[in-house]
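*Asks:* Have a look at this one.
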Amino acid sequence: MFRSSIAATVVSGLGILSMATPAAHAAGPSGLIAHRAVYDLELKDASDRSGIAGMVGRMVYEFEGSDCAGFTTNFRFVTKIDTGDSTRVSDQQTTTFEDLGKRIFRFETKSYTDSQLDKDVRGAATDDQKGIKVDLSQPQSKQIELIESRFPTEHMLDIIHNAKLGKSFFEAQVFDGSDDGDKSLIATTVVGKQQTPAKDDPDADKAGPFAQTAFWPVSVAYFNEKSSGDAMPVYRMSFKLYENGITRDLTMDYGDFALTGKLTKLEVLDSKACQ
């Protein structure tokens, strides 16, 4: 699962319909497969308050590794933003590593505007049985204690597991190192019924060997930890999710504006087998 920080700041059972992964793209015990996905981004809508007249971009998401050695995600999110008076290019580059067994999560995010570095956030998070301990090294060295939280790949696996069980709604505390890397968010997830691509499905044909494979429509809303009542989410994302962790047909809603992301290229990468 991925979240972009462009607004203030980008995916992770038991029985229902089978979505078998082709033998040539075998997954590990988690069911996730290594892949590189490219998405073309367009502005879906924007309020007057956003100050955005137009936006286009591209997102590249690369997921590799194995259940035993851990998973590495490389994520790049580049947008050209038109305010009507000027344009600027935003470039976010994120690398994370997650060890499912040891519950270790390392993260680094660099954010640029017009090639100038705006923010560099680096750190590591571990499960100390009482919660999550975060050791930040950038932008300043400090330690933070957070309540028990799921890391991104864990949360993706939770979504897939609940989807297979037919559980359409669940909440989780999630830490992904985004923003300043110092807080977790409440993720409220809604999973629709499994379905197969329709003829007019906008980017199903770009999914290669999975073009006709069934998927779940998923929506995840992220709230600040201290939110209560009818609080608005800080970010909302919807997508079509395959059992192997691949996502497509994205909508990223930041409140004042929303982007769509259509899959334009999918490459299945060699998986690293556990020894």
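Each chain of the structure tokens is named A, B, ... in the order shown, its residues numbered from 1; ligands are numbered from 1 in display order.
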Would you list, as a ChimeraX atom specification, the residues of region 134-164 of chain A that end up in strand (DSSP E) under DSSP run on this structure's backbone?
*Replies:* /A:134-138,142-146
*Asks:* Near Gln195 (chain A), counting only C-alpha atoms, which residues have an atom at most 8 Å away, once you skip same-chain residues fewer than 5 positions from it, shown as a list in words?
*Replies:*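 In the requested format, the answer is Ala214, Phe215 and Trp216 of chain A.
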*Asks:* My list of candidates is A:Ala198, A:Leu117, A:Lys183, A:Gly166. Which is closest to Val134 (chain A) when distances are computed with only C-alpha atoms?
*Replies:*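 Smallest separation from Val134 (chain A) among the options: A:Lys183.
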*Asks:* With only C-alpha atoms as the atoms that count, which of A:Ala124, A:Leu32, A:Val60, A:Leu43 lies nearest to Leu157 (chain A)?
*Replies:*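 Going through A:Ala124, A:Leu32, A:Val60, A:Leu43 one by one, the smallest distance to Leu157 (chain A) is for A:Leu32.
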*Asks:* I need the residues in region 108-230 of chain A that are helix (DSSP H, G or I) according to DSSP; give them as a count of residues only.
*Replies:* 21
*Asks:* CA of Asp270 (chain A) and CA of Gly208 (chain A) are how many Å apart?
*Replies:* 15.5 Å
*Asks:* Mind pulling up the distance from CA of Val78 (chain A) to CA of Ser111 (chain A)?
*Replies:*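 A separation of 9.8 Å between them.
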